[in-house]
Number of protein chains: 2
Amino acid sequence: VVEGWSFLDTVESNFRPLVVIELAKGTKEETIEWFTKRIVDKKANGGAQLLIKPLVMENGVENIYLVGASHLRLLLGAETVGLVKECSDNSMRAFTYSSRKTFKDFADDNHNFLTMAECQYIIKHELENLRAKTEKMIPGYPQAKLYPGKSIVRRLLTSGILVQIFPLHDREELKKLRHSWYGRVKVGYQPLDDIRCYFGETIALYFGFLEYFTFALIPMAVIGIPYYVFAWEDYDKYVMFATFNLLWSTVILEVWKRICAILTYRWGTLLMKRQFEEPRPGFHGVLGINPVTGREEPVYSSFKRQLRIYLVSLPFVCLCLYFSLYVMMIYFDLEQWALDYHKENESNFSSLMLYVPSIIYAVVIEIMNRIYRYAAEFLTSWENHRLESSYQNHLILKVLVFNFLNCFASLFYIAFVLFDMKLLRQSLATLLITSQILNQFAESLLPYWLQKRYNRRMKKRMCSQKTDRDVSIAEQVNMEKEMGTYLGTFDDYLELFLQFGYVSLFSCVYPLAAVFAVLNNITEIYSDALKMCRVYKRPFAEPTANIGVWQLAFETMSVISVVTNCILIGMSPQVDALFPDSKMDLVLTVALVEHLLLAVKFIMAFVIPDKPRDIQMKLAKLEFESLEALKQQVRAFQMQLHFLLIHH
Amino acid sequence: VVEGWSFLDTVESNFRPLVVIELAKGTKEETIEWFTKRIVDKKANGGAQLLIKPLVMENGVENIYLVGASHLRLLLGAETVGLVKECSDNSMRAFTYSSRKTFKDFADDNHNFLTMAECQYIIKHELENLRAKTEKMIPGYPQAKLYPGKSIVRRLLTSGILVQIFPLHDREELKKLRHSWYGRVKVGYQPLDDIRCYFGETIALYFGFLEYFTFALIPMAVIGIPYYVFAWEDYDKYVMFATFNLLWSTVILEVWKRICAILTYRWGTLLMKRQFEEPRPGFHGVLGINPVTGREEPVYSSFKRQLRIYLVSLPFVCLCLYFSLYVMMIYFDLEQWALDYHKENESNFSSLMLYVPSIIYAVVIEIMNRIYRYAAEFLTSWENHRLESSYQNHLILKVLVFNFLNCFASLFYIAFVLFDMKLLRQSLATLLITSQILNQFAESLLPYWLQKRYNRRMKKRMCSQKTDRDVSIAEQVNMEKEMGTYLGTFDDYLELFLQFGYVSLFSCVYPLAAVFAVLNNITEIYSDALKMCRVYKRPFAEPTANIGVWQLAFETMSVISVVTNCILIGMSPQVDALFPDSKMDLVLTVALVEHLLLAVKFIMAFVIPDKPRDIQMKLAKLEFESLEALKQQVRAFQMQLHFLLIHH
C-alpha cells in the first residue's frame, strides 16, 4: 500500500505537525467539522488533502489544530507551487513529480528532500487555495458570506473565526541555526543558506543584503576614520571622499543586483514562475464579474479608489508632512534656546544641554514615524487595493516620503537655509546615533526581554523541571502561539534605507557616519537574528527573487545624494577660496561636476550587467532547452499529422 | 487526397510564387540539385518541405528559383514561428493548427487567412532554419564548410553561391496600398493596418511613429509660429515655450509607448514569444562547443571581442569625434571669413555669402555621417558579435554618439562658448533645413529617379507594348531583382532622432524649428512611402513589439534638452535683468528649476502607465488563462496518479 496518499491515514504514526491553526474559542462544532473535513478531503472533491489533528490542551479546550501532510502530498504540492530545485547535473529546474528522479538528493524515502520551510509554505499555499464550492456562507456563521472560488481560509480570518495560522519551529534545527548564526563570536559570513532553509528566501535575502551592505560600507568607514582622527578640514580631502562615496554607492547597488542574482539562482527563486495574484484578504466590494478571470468575485471601481487616493490620502500625507516641518521648526527654537542658555551660564551641565534638543527631536522623529506608519497602513487598507502588491507599493511610497522628510528635513534646513556646517555635523551625529540606539532597543531587545519574562512565567506555571529538550508539542505550541508575529522585512529595510541616507546625503560633512553605520549593522545582524530566532513566531517562508522596490529606493537616494554633496562642497569656504574672482564660475563648475557625476552614474548603471555572466549563461541554457522542448512537441505533432494525412 | 502536404505536388496548378532565390551564375549542377532537394524534402528528413520552381529566363540561364508552399504547410509554419492571430471572440492568441477553427476568418479554403507578408516571413524562417545534417561542406564547393546544425542558407550567402533571397511584390495589392497611402491628396491617417499587412510590423511601426511624431509636433509648431510672426523677443514667452516643450516631449514619448502597445497588440506582436536567437550570418570562429546549446558551432572568445572593442573601436570612434570637432573649427573660421567679407563689401552677394559656410558645413556633416556609418558598420562587423541584437546595439551606439556630436557640436559651441544667440538661431535654421532637403533628396527622390530610368530601359528592352497589368512573373522578377535593397529602419529613425534634437535642444532660441520639422515630416511620409513602394525590393516582414533602443535614445535626448534649455534661458539678457543684484541667485534659480523639471520628468515617466488599461486587462486575462490551463494539466496529472495509486 502506498503510504500517505489517502483520506484515511490521519493516523498518528506518520504524522509530523508542520503548521498550527488556532480557531477562536467557542467556535461552533459544525464549523469545525466542515472546515477539517474540507482540509482532509481529496483534491478531486475540492479538498486540500492534508492531515489534521486536534491538540488537546491541559484545560481540555480544543481550539488548536496541527496540520501536516504525507510525503507524496508535499511533493505534488511542490510541483503546484512551482518550486525550483537542483538537479543531479547541478542545473536548477522546476520540480515535477514525474521527473523527481533527476533531482539531487531525491529518494523516495528521503523525507528531507523538501526543507521544513518549504513544506510549511506548500501547506500554507494549499490552505489558502482551499476554495468555496457551492457554500453560500460558512456553516454556523450566516453572516460570513462565501461565493464560489472564494478562499475559505481568508474568509475565516476576516470574520475572526480563524485566529491565526503559523508554522511550527523545529527546535533541533533552530538550535543548530542559532549556534552557527550568532551562537559564537566569530568573524565571517552568516550561514545564509541555512537561514534560507529555515526562514525562507525573503528573510534570507534581507540578511544577505544587510551583510553585503555592511561589508560595502567598510571602505567608506575606513576612509572616514582619518578625517576624524587627524581632524582633516581641507576641502580637497572632503571632495575626494565625497566623489569616492558617490561612485562607490552606485557600484555597490549595481553589484548587489549581481549578488542577489547569484543567491536567488542558487535558491531557485530566480527561475520560479510568478503565480497569478489573488485579491488580498482585506479587499471588499460588491459581487460582480472580474473581467480578467471571468469569475464572480467582489469588484471595486478603480475610479472610487483613485478618488480616495487623491482626495483623502494625498491631502492627509501632505498635512502630515506639514506637521513634520512644524515640529522641525519647534526643534530649531529649542536649539536656539539651548544655545542661549549655554551662553548665559557656561557650565558642564549647559554644554550637555546643547545635545538635549537633538536627542528629544530624534526621539520625537522615531515616535512620529511609528504613528504615521499606522495611519499609512490604515489609509492604504481603506483605499481597498485589490492586489497585495499594489497595496504594498502604495504603502511603501507613503511611508518612504514621510520618513524621508521627517528624518532629513532638519538636516536640509540646517545645510541649505542656515548654512551652518558645524550644527549640521552635530545634528547628523545625534540623529544617526539616537535613532540607531532607539531602533535596536525597540526592535529586538525590548521584545526579547518581554518574551523571555513571559516564557519563564509560562514554564513555571506548566510542569516545572523540564529542560528545553523534552518540551512536548502541546507546550511548544502553547508557547509559540503567544509570541509576536513578524510583520515582514519592511521595517528592517526602511531602517537600512534611512541609514543609507544619513551616510550618503551629507557624507562630505561627516565622514564618520559610515563608521557608526558599520558598527550599528554588525550589532543589527545579531539583534535581528535574535529577534527572528527567539522573539517572534516562525514566519512562513516567502519565495522572492530580489529586494523589489527597495532597490529603486536606494538608487533614488544615491542620485539625491549626488546633488546634496555637490552643493555642500560648493558652499564650503575652501572651495570658495579657489574662485576668488567670480562666484559664478564656482557655481557653474559645481553644476558641471554634478551633471558629469550623474551622467557617470547612469552610464555605470547601464554598463554593469545586472546578472553575472555565468548566471546569464545558465538562464540562456534553460531558455534554450525549454524552447527546444516546445519545438520537439510541435515537430512531433506535425509528424503525427503528416502520418495521419499520408494514411488518409 | 489532401492537397499540398506532400513531396510530390510541386506541380504548377497550386503553386503561388512567394519568394525568389537568386543563385550566382554558373553555380554547379550538383549544388543546385542538393539545395533544391533539401528545400522540398520532408520535414521528417530534415527538409523544409516547401515548393520550388526554376524560372526560365529568355536567355535560357537558370539561376533564379521561385519558392512557395502549400496552404497547410504555411499554417503549420505559422505555428512554428509563433504567429499571434485574432480569435472569433476578439482575443489575440498564438495560432496553433489544432485550434485553427477558433480563429477569426479561418476556413480551410480561405487562403487569405495568412497575409502574403506572413507567408513570406514563414518561408524565410523555414529556409533559414534549413540546417546541415551530416554534410561536411556544400556539395561542389569543398571550401564552403558545414557542420551539423549550421544554417545552409546562411553558409550559401556568406560563400557567395546564393546571391539574394527576396519576397515578391503583389502588384494588385501594392497598387491598392499605394492608392490609399499616398495616391490621393488627403488629410488623414495612414492605412497602418494595410501597411502592416503588406510590409510587416517593423516598417508599419516606423510609419506609425513618424505619423504620431508629426502630430505630436503640431502643438509645438502652432505655438512656435506667433514667435516668428510677431517677432516676440520677451523671454518670459520663451520660458513658457521651453517649459511647455520639455513637459510635452516627456508626455509624447510616454504616450507613444501606450500607442505602440495598442498597435502591436492589434497586430499580435505584443504577445509573440521571443524566438531563440541564432548566431548572425557573419559570425565566425573556431569550432567549439557552445555552452548554452551544447552544440558544436563556431565560438569566439568574449575576451578577444572586448579587446577589439576597447583597443580598436573605441580609439577609432574617439579619433572620428576629434576629426569632427576639427572640421567644426574650420567651419567657424569660414564663418568668420564670410563675416569679414560681408563687412568689407556690403552687397546682396556678400549677404548671401553669409549663409554659404553653414550650407557647406551642413553638406559636410551629412557626408561625414554617411562615411562614418560605413566605418562603424565595418568595425562592428569586425568585432564579430555572435548575436544580431548585440551587433545592432554596438552599431547604434557608435553611430548615435558620432551623429550627435557631428550635428550638434557646432550648436553647443555657438551657444555655450561664443554666447551668440543670433548666430545660434541662424546656424540651427541652416543646419535643420539643409539636412532635411539633403535627406529627402538622397533617400527617396534620387533612387526613385534612377529606378524609374532603369525600369523604362528594362521595359523597352523586353517586349515593348505591355501594360503594367499583364507583366509576366519572369518580367516582374527580373525587374524587382535589380531594385535596391531596403536596409531597415535604422536611417529613418536616425533622421527623426536628429530632427528631434534640432527641435528640442535649443527650442527656446528657435521656436520655428518645430514648424520645419512638421513640414518635413509630412513630405517625409510621402517620400518614404514612395521609397518603400517603388524604389526598393519588397523587404521581408519582421515582427516587432516596439521601437526598441530608439525609445531610450529619444528619452535621453529629451533629458539633455532640459539641461540645454535651462542654460539658454538662464543666459538670456531678459532673465539676467530679473536678477540685477546677484548673478549667483540667477544661476542658483536656474539650477533649481532644472532639477525640478528633471524630477517632474522622471515622476511623469514613472506615473504614466506604459500600457493602456484595457491592454493591461487583456494581457492579464491571457496570462490568467495560460496559468489556469497549466493548473488544469497538473490537476489532471495528479488525478491520474491518484487513480493509479488507488488501483495499485
# chains A, B, ... in the order shown; residues from 1 in each chain; ligands from 1
$ interface_residues --of "chain B" --to "chain A" --cutoff "7 Å" --atoms "only C-alpha atoms" --output "VMD selection string"
chain B and resid 2 44 276 292 to 293 583 to 584 617 620 to 621 624 645
$ residues_around --residues "region 534-547 of chain A" --least-positions-apart "2" --cutoff "6 Å" --atoms "only C-alpha atoms" --output "number ranges by chain"
A: 117, 121, 169, 199-202, 264, 269-270, 448, 480, 483-486, 530-532, 550
$ write_last_selection --atoms "N, CA, C and O atoms" --output "PDB file, in the first residue's frame"
ATOM      1  N   ALA A 117      10.731  24.452   5.884  1.00  0.00           N
ATOM      2  CA  ALA A 117      10.144  25.737   5.498  1.00  0.00           C
ATOM      3  C   ALA A 117       9.372  25.587   4.189  1.00  0.00           C
ATOM      4  O   ALA A 117       8.287  26.145   4.029  1.00  0.00           O
ATOM      5  N   TYR A 121       5.455  26.198   3.565  1.00  0.00           N
ATOM      6  CA  TYR A 121       4.993  27.098   2.515  1.00  0.00           C
ATOM      7  C   TYR A 121       3.957  26.411   1.639  1.00  0.00           C
ATOM      8  O   TYR A 121       2.923  26.988   1.281  1.00  0.00           O
ATOM      9  N   HIS A 169       8.127  25.998  14.913  1.00  0.00           N
ATOM     10  CA  HIS A 169       9.585  25.955  14.924  1.00  0.00           C
ATOM     11  C   HIS A 169      10.044  24.501  14.970  1.00  0.00           C
ATOM     12  O   HIS A 169       9.307  23.615  15.425  1.00  0.00           O
ATOM     13  N   PHE A 199      14.090  29.949   7.282  1.00  0.00           N
ATOM     14  CA  PHE A 199      13.137  31.070   7.286  1.00  0.00           C
ATOM     15  C   PHE A 199      12.623  31.437   5.897  1.00  0.00           C
ATOM     16  O   PHE A 199      11.756  32.287   5.765  1.00  0.00           O
ATOM     17  N   GLY A 200      13.194  30.859   4.851  1.00  0.00           N
ATOM     18  CA  GLY A 200      12.722  31.195   3.507  1.00  0.00           C
ATOM     19  C   GLY A 200      13.546  32.292   2.876  1.00  0.00           C
ATOM     20  O   GLY A 200      14.393  32.917   3.511  1.00  0.00           O
ATOM     21  N   GLU A 201      13.261  32.556   1.600  1.00  0.00           N
ATOM     22  CA  GLU A 201      14.123  33.406   0.790  1.00  0.00           C
ATOM     23  C   GLU A 201      14.024  34.885   1.134  1.00  0.00           C
ATOM     24  O   GLU A 201      15.018  35.594   1.123  1.00  0.00           O
ATOM     25  N   THR A 202      12.823  35.364   1.442  1.00  0.00           N
ATOM     26  CA  THR A 202      12.672  36.804   1.691  1.00  0.00           C
ATOM     27  C   THR A 202      13.547  37.238   2.859  1.00  0.00           C
ATOM     28  O   THR A 202      14.260  38.237   2.773  1.00  0.00           O
ATOM     29  N   THR A 264      19.755  34.070  -5.489  1.00  0.00           N
ATOM     30  CA  THR A 264      18.413  33.566  -5.810  1.00  0.00           C
ATOM     31  C   THR A 264      18.470  32.505  -6.891  1.00  0.00           C
ATOM     32  O   THR A 264      17.578  31.669  -6.973  1.00  0.00           O
ATOM     33  N   THR A 269      14.770  30.653  -6.659  1.00  0.00           N
ATOM     34  CA  THR A 269      13.651  31.595  -6.818  1.00  0.00           C
ATOM     35  C   THR A 269      13.804  32.498  -8.037  1.00  0.00           C
ATOM     36  O   THR A 269      12.838  33.073  -8.508  1.00  0.00           O
ATOM     37  N   LEU A 270      15.038  32.613  -8.551  1.00  0.00           N
ATOM     38  CA  LEU A 270      15.235  33.445  -9.741  1.00  0.00           C
ATOM     39  C   LEU A 270      14.455  32.870 -10.921  1.00  0.00           C
ATOM     40  O   LEU A 270      14.031  33.582 -11.814  1.00  0.00           O
ATOM     41  N   TYR A 448      12.553  40.962  23.183  1.00  0.00           N
ATOM     42  CA  TYR A 448      13.264  39.778  23.668  1.00  0.00           C
ATOM     43  C   TYR A 448      13.101  39.639  25.169  1.00  0.00           C
ATOM     44  O   TYR A 448      12.800  38.574  25.692  1.00  0.00           O
ATOM     45  N   GLU A 480       4.604  29.071  21.551  1.00  0.00           N
ATOM     46  CA  GLU A 480       4.825  29.816  20.306  1.00  0.00           C
ATOM     47  C   GLU A 480       3.617  30.644  19.901  1.00  0.00           C
ATOM     48  O   GLU A 480       3.760  31.698  19.297  1.00  0.00           O
ATOM     49  N   MET A 483       3.776  34.152  21.009  1.00  0.00           N
ATOM     50  CA  MET A 483       4.887  35.017  20.560  1.00  0.00           C
ATOM     51  C   MET A 483       4.369  36.060  19.575  1.00  0.00           C
ATOM     52  O   MET A 483       3.319  35.860  18.938  1.00  0.00           O
ATOM     53  N   GLY A 484       5.108  37.135  19.436  1.00  0.00           N
ATOM     54  CA  GLY A 484       4.698  38.172  18.480  1.00  0.00           C
ATOM     55  C   GLY A 484       4.802  37.660  17.050  1.00  0.00           C
ATOM     56  O   GLY A 484       5.483  36.674  16.781  1.00  0.00           O
ATOM     57  N   THR A 485       4.102  38.344  16.155  1.00  0.00           N
ATOM     58  CA  THR A 485       4.160  37.953  14.755  1.00  0.00           C
ATOM     59  C   THR A 485       5.117  38.878  14.023  1.00  0.00           C
ATOM     60  O   THR A 485       5.023  40.103  14.156  1.00  0.00           O
ATOM     61  N   TYR A 486       6.014  38.297  13.272  1.00  0.00           N
ATOM     62  CA  TYR A 486       6.959  39.091  12.485  1.00  0.00           C
ATOM     63  C   TYR A 486       6.223  39.628  11.279  1.00  0.00           C
ATOM     64  O   TYR A 486       5.642  38.874  10.492  1.00  0.00           O
ATOM     65  N   LEU A 530      18.598  37.415  16.614  1.00  0.00           N
ATOM     66  CA  LEU A 530      17.974  37.105  17.901  1.00  0.00           C
ATOM     67  C   LEU A 530      16.465  37.236  17.807  1.00  0.00           C
ATOM     68  O   LEU A 530      15.700  36.374  18.253  1.00  0.00           O
ATOM     69  N   LYS A 531      16.037  38.342  17.189  1.00  0.00           N
ATOM     70  CA  LYS A 531      14.619  38.642  17.014  1.00  0.00           C
ATOM     71  C   LYS A 531      13.930  37.520  16.241  1.00  0.00           C
ATOM     72  O   LYS A 531      12.857  37.046  16.630  1.00  0.00           O
ATOM     73  N   MET A 532      14.568  37.079  15.158  1.00  0.00           N
ATOM     74  CA  MET A 532      13.947  36.047  14.324  1.00  0.00           C
ATOM     75  C   MET A 532      13.864  34.714  15.066  1.00  0.00           C
ATOM     76  O   MET A 532      12.889  33.995  14.956  1.00  0.00           O
ATOM     77  N   TRP A 550      12.836  48.225  -3.003  1.00  0.00           N
ATOM     78  CA  TRP A 550      13.912  48.826  -2.213  1.00  0.00           C
ATOM     79  C   TRP A 550      15.142  49.134  -3.056  1.00  0.00           C
ATOM     80  O   TRP A 550      15.868  50.086  -2.795  1.00  0.00           O
TER      81      TRP A 550
END
$ closest_residue --among "A:Leu210, A:Phe303, A:Arg258, A:Tyr341" --to "Phe497 (chain A)" --atoms "only C-alpha atoms"
A:Leu210
$ select_by_dssp --residues "region 276-457 of chain A" --states "helix (DSSP H, G or I)" --output "ChimeraX atom specification"
/A:302-344,348-353,356-382,388-418,421-457
$ write_last_selection --atoms "C-alpha atoms" --output "compact mmCIF listing (two decimals), in the first residue's frame"
# COMPACT_ATOMS: atom_id res chain seq x y z
CA SER A 302 -10.90 51.88 -9.82
CA PHE A 303 -12.37 55.39 -10.07
CA LYS A 304 -13.57 55.29 -6.45
CA ARG A 305 -10.12 54.13 -5.38
CA GLN A 306 -8.48 56.98 -7.26
CA LEU A 307 -10.87 59.40 -5.53
CA ARG A 308 -9.90 58.02 -2.15
CA ILE A 309 -6.21 58.26 -3.02
CA TYR A 310 -6.26 61.78 -4.40
CA LEU A 311 -8.93 63.36 -2.23
CA VAL A 312 -8.15 61.80 1.15
CA SER A 313 -4.80 60.06 1.28
CA LEU A 314 -2.82 62.66 -0.62
CA PRO A 315 -4.10 65.63 1.46
CA PHE A 316 -3.55 63.62 4.63
CA VAL A 317 0.02 62.83 3.67
CA CYS A 318 0.63 66.49 2.84
CA LEU A 319 -0.82 67.50 6.21
CA CYS A 320 1.49 65.07 7.96
CA LEU A 321 4.44 66.45 6.02
CA TYR A 322 3.45 69.95 7.06
CA PHE A 323 3.13 68.84 10.68
CA SER A 324 6.54 67.24 10.50
CA LEU A 325 8.02 70.52 9.24
CA TYR A 326 6.23 72.36 12.04
CA VAL A 327 7.78 70.07 14.64
CA MET A 328 11.11 70.72 13.00
CA MET A 329 10.71 74.46 13.46
CA ILE A 330 9.94 73.88 17.15
CA TYR A 331 13.15 71.89 17.36
CA PHE A 332 15.09 74.83 15.99
CA ASP A 333 13.52 77.12 18.58
CA LEU A 334 14.56 74.70 21.28
CA GLU A 335 18.02 74.53 19.82
CA GLN A 336 18.26 78.30 19.90
CA TRP A 337 17.05 78.35 23.48
CA ALA A 338 19.68 75.78 24.50
CA LEU A 339 22.38 77.84 22.83
CA ASP A 340 21.27 80.96 24.65
CA TYR A 341 21.14 79.05 27.92
CA HIS A 342 24.66 77.76 27.33
CA LYS A 343 25.92 81.23 26.60
CA GLU A 344 24.36 82.66 29.75
CA ASN A 348 29.23 71.33 32.10
CA PHE A 349 25.52 70.95 32.53
CA SER A 350 24.71 73.64 29.99
CA SER A 351 27.12 72.21 27.42
CA LEU A 352 25.40 68.87 27.89
CA MET A 353 22.10 70.67 27.46
CA VAL A 356 19.25 67.66 24.55
CA PRO A 357 17.13 69.26 21.79
CA SER A 358 18.68 66.98 19.15
CA ILE A 359 18.07 63.92 21.28
CA ILE A 360 14.49 64.94 22.01
CA TYR A 361 13.97 65.63 18.32
CA ALA A 362 15.40 62.25 17.36
CA VAL A 363 13.04 60.54 19.81
CA VAL A 364 10.10 62.57 18.51
CA ILE A 365 11.01 61.68 14.93
CA GLU A 366 11.02 57.99 15.79
CA ILE A 367 7.66 58.29 17.52
CA MET A 368 6.16 60.26 14.64
CA ASN A 369 7.46 57.73 12.14
CA ARG A 370 5.80 54.93 14.07
CA ILE A 371 2.46 56.72 14.48
CA TYR A 372 2.45 57.74 10.84
CA ARG A 373 3.16 54.15 9.91
CA TYR A 374 -0.12 53.05 11.50
CA ALA A 375 -2.02 55.88 9.80
CA ALA A 376 -0.48 54.96 6.44
CA GLU A 377 -1.42 51.33 6.91
CA PHE A 378 -4.96 52.26 7.82
CA LEU A 379 -5.34 54.62 4.86
CA THR A 380 -3.80 52.24 2.33
CA SER A 381 -6.02 49.46 3.57
CA TRP A 382 -9.02 51.81 3.32
CA GLU A 388 -1.29 42.74 -2.24
CA SER A 389 1.47 44.11 -4.50
CA SER A 390 -0.46 47.28 -5.28
CA TYR A 391 -1.25 47.70 -1.56
CA GLN A 392 2.41 47.28 -0.71
CA ASN A 393 3.55 49.79 -3.33
CA HIS A 394 1.16 52.47 -2.11
CA LEU A 395 2.09 51.83 1.49
CA ILE A 396 5.80 51.92 0.81
CA LEU A 397 5.50 55.14 -1.20
CA LYS A 398 3.54 56.85 1.60
CA VAL A 399 5.91 55.69 4.32
CA LEU A 400 9.08 56.45 2.38
CA VAL A 401 8.11 60.03 1.53
CA PHE A 402 7.16 60.81 5.11
CA ASN A 403 10.14 59.11 6.69
CA PHE A 404 12.48 60.80 4.27
CA LEU A 405 11.17 64.25 5.06
CA ASN A 406 10.82 63.58 8.77
CA CYS A 407 14.37 62.33 9.12
CA PHE A 408 16.20 64.61 6.71
CA ALA A 409 14.20 67.86 6.57
CA SER A 410 16.02 69.35 9.57
CA LEU A 411 19.38 68.45 8.04
CA PHE A 412 18.41 70.01 4.71
CA TYR A 413 17.24 73.10 6.58
CA ILE A 414 20.48 73.40 8.52
CA ALA A 415 22.59 72.81 5.44
CA PHE A 416 20.85 74.89 2.79
CA VAL A 417 19.00 77.56 4.76
CA LEU A 418 21.11 78.15 7.86
CA MET A 421 28.09 73.17 8.80
CA LYS A 422 29.03 72.72 12.43
CA LEU A 423 25.43 72.37 13.51
CA LEU A 424 24.82 70.06 10.56
CA ARG A 425 27.60 67.76 11.67
CA GLN A 426 26.37 67.76 15.24
CA SER A 427 22.72 67.15 14.29
CA LEU A 428 23.67 64.42 11.88
CA ALA A 429 25.68 62.64 14.55
CA THR A 430 22.95 62.96 17.18
CA LEU A 431 20.16 61.89 14.86
CA LEU A 432 22.07 58.94 13.49
CA ILE A 433 23.25 57.61 16.82
CA THR A 434 20.00 58.20 18.70
CA SER A 435 17.88 56.58 16.02
CA GLN A 436 20.21 53.60 15.90
CA ILE A 437 20.08 53.08 19.63
CA LEU A 438 16.32 53.53 19.75
CA ASN A 439 15.82 51.10 16.90
CA GLN A 440 17.95 48.38 18.34
CA PHE A 441 16.20 48.75 21.65
CA ALA A 442 12.62 48.93 20.34
CA GLU A 443 13.05 46.29 17.73
CA SER A 444 14.85 43.47 19.43
CA LEU A 445 15.95 43.93 22.99
CA LEU A 446 12.65 45.04 24.43
CA PRO A 447 10.56 42.28 22.78
CA TYR A 448 13.26 39.78 23.67
CA TRP A 449 13.17 40.75 27.28
CA LEU A 450 9.35 40.68 27.36
CA GLN A 451 9.32 37.31 25.63
CA LYS A 452 11.87 35.88 27.99
CA ARG A 453 9.91 37.03 31.02
CA TYR A 454 6.72 35.58 29.59
CA ASN A 455 8.40 32.26 28.77
CA ARG A 456 9.79 31.99 32.25
CA ARG A 457 6.35 32.54 33.73
$ closest_residue --among "A:Leu552, A:Leu354, A:Val56, A:Ile252" --to "Phe213 (chain A)" --atoms "only C-alpha atoms"
A:Ile252
$ atom_distance --atom1 "CA of Phe283 (chain A)" --atom2 "CA of Gly160 (chain A)"
15.4 Å
$ select_by_dssp --residues "region 77-163 of chain A" --states "strand (DSSP E)" --output "list of chain:residue names"
A:Val84, A:Lys85, A:Glu86, A:Met92, A:Arg93, A:Ala94, A:Met137, A:Ile138, A:Tyr141, A:Pro142, A:Gln143, A:Ala144, A:Lys145, A:Leu162, A:Val163
$ write_last_selection --atoms "C-alpha atoms" --output "PDB file, in the first residue's frame"
ATOM      1  CA  VAL A  84      12.722  25.071  -8.309  1.00  0.00           C
ATOM      2  CA  LYS A  85      15.304  22.556  -7.077  1.00  0.00           C
ATOM      3  CA  GLU A  86      18.770  21.473  -8.055  1.00  0.00           C
ATOM      4  CA  MET A  92      18.191  24.304 -11.459  1.00  0.00           C
ATOM      5  CA  ARG A  93      14.803  23.119 -12.699  1.00  0.00           C
ATOM      6  CA  ALA A  94      11.170  23.405 -11.718  1.00  0.00           C
ATOM      7  CA  MET A 137     -21.721  31.014   3.832  1.00  0.00           C
ATOM      8  CA  ILE A 138     -19.538  29.437   6.491  1.00  0.00           C
ATOM      9  CA  TYR A 141     -21.973  31.704  10.688  1.00  0.00           C
ATOM     10  CA  PRO A 142     -24.611  33.008   8.261  1.00  0.00           C
ATOM     11  CA  GLN A 143     -23.064  36.479   8.289  1.00  0.00           C
ATOM     12  CA  ALA A 144     -19.739  35.128   6.904  1.00  0.00           C
ATOM     13  CA  LYS A 145     -20.689  35.016   3.221  1.00  0.00           C
ATOM     14  CA  LEU A 162      -9.668  31.677  12.487  1.00  0.00           C
ATOM     15  CA  VAL A 163      -7.353  33.483  14.895  1.00  0.00           C
TER      16      VAL A 163
END
$ atom_distance --atom1 "CA of Phe207 (chain B)" --atom2 "CA of Cys508 (chain B)"
28.3 Å
$ residues_around --residues "Gly47 (chain B)" --least-positions-apart "6" --cutoff "9 Å" --atoms "only C-alpha atoms" --output "list of chain:residue names"
B:Lys37, B:Arg38, B:Ile39, B:Val40, B:Asp41, B:Leu130, B:Arg131
$ write_last_selection --atoms "all heavy atoms" --output "short mmCIF file (atom, residue, chain, number, x, y, z; two decimals), in the first residue's frame"
data_model
loop_
_atom_site.label_atom_id
_atom_site.label_comp_id
_atom_site.auth_asym_id
_atom_site.auth_seq_id
_atom_site.Cartn_x
_atom_site.Cartn_y
_atom_site.Cartn_z
N LYS B 37 16.71 19.88 -53.49
CA LYS B 37 16.24 18.65 -52.83
C LYS B 37 15.99 18.90 -51.35
O LYS B 37 14.95 18.48 -50.81
CB LYS B 37 17.32 17.56 -53.02
CG LYS B 37 17.17 16.30 -52.17
CD LYS B 37 16.43 15.21 -52.91
CE LYS B 37 16.47 13.87 -52.18
NZ LYS B 37 16.24 13.93 -50.75
N ARG B 38 16.91 19.60 -50.69
CA ARG B 38 16.74 19.90 -49.26
C ARG B 38 15.52 20.79 -49.02
O ARG B 38 14.82 20.64 -48.02
CB ARG B 38 18.00 20.59 -48.69
CG ARG B 38 19.22 19.71 -48.55
CD ARG B 38 19.00 18.54 -47.62
NE ARG B 38 18.53 18.93 -46.30
CZ ARG B 38 19.32 19.25 -45.29
NH1 ARG B 38 20.63 19.18 -45.43
NH2 ARG B 38 18.83 19.62 -44.13
N ILE B 39 15.26 21.69 -49.96
CA ILE B 39 14.13 22.61 -49.78
C ILE B 39 12.80 21.86 -49.87
O ILE B 39 11.89 22.10 -49.07
CB ILE B 39 14.19 23.76 -50.80
CG1 ILE B 39 15.34 24.71 -50.43
CG2 ILE B 39 12.88 24.54 -50.83
CD1 ILE B 39 15.56 25.82 -51.41
N VAL B 40 12.69 20.94 -50.83
CA VAL B 40 11.41 20.27 -51.00
C VAL B 40 11.27 19.04 -50.10
O VAL B 40 10.18 18.53 -49.91
CB VAL B 40 11.16 19.85 -52.46
CG1 VAL B 40 11.06 21.07 -53.35
CG2 VAL B 40 12.27 18.92 -52.94
N ASP B 41 12.36 18.58 -49.54
CA ASP B 41 12.34 17.35 -48.78
C ASP B 41 11.40 17.46 -47.57
O ASP B 41 11.11 18.55 -47.08
CB ASP B 41 13.76 17.01 -48.30
CG ASP B 41 13.97 15.50 -48.27
OD1 ASP B 41 12.99 14.77 -48.47
OD2 ASP B 41 15.12 15.08 -48.06
N LEU B 130 16.80 25.71 -42.34
CA LEU B 130 17.24 24.50 -43.04
C LEU B 130 18.69 24.26 -42.63
O LEU B 130 19.57 25.05 -42.96
CB LEU B 130 17.14 24.79 -44.54
CG LEU B 130 17.11 23.64 -45.51
CD1 LEU B 130 15.94 22.72 -45.20
CD2 LEU B 130 16.95 24.19 -46.93
N ARG B 131 18.92 23.17 -41.89
CA ARG B 131 20.24 23.01 -41.28
C ARG B 131 20.98 21.80 -41.81
O ARG B 131 20.37 20.82 -42.20
CB ARG B 131 20.08 22.89 -39.77
CG ARG B 131 19.69 24.19 -39.17
CD ARG B 131 19.33 24.12 -37.73
NE ARG B 131 18.74 25.39 -37.37
CZ ARG B 131 19.42 26.53 -37.25
NH1 ARG B 131 20.72 26.53 -37.42
NH2 ARG B 131 18.82 27.65 -36.96
#
$ residues_around --residues "Met604 (chain B)" --least-positions-apart "4" --cutoff "10 Å" --atoms "only C-alpha atoms" --output "ChimeraX atom specification"
/B:247,250-251,254,598-600,608-609
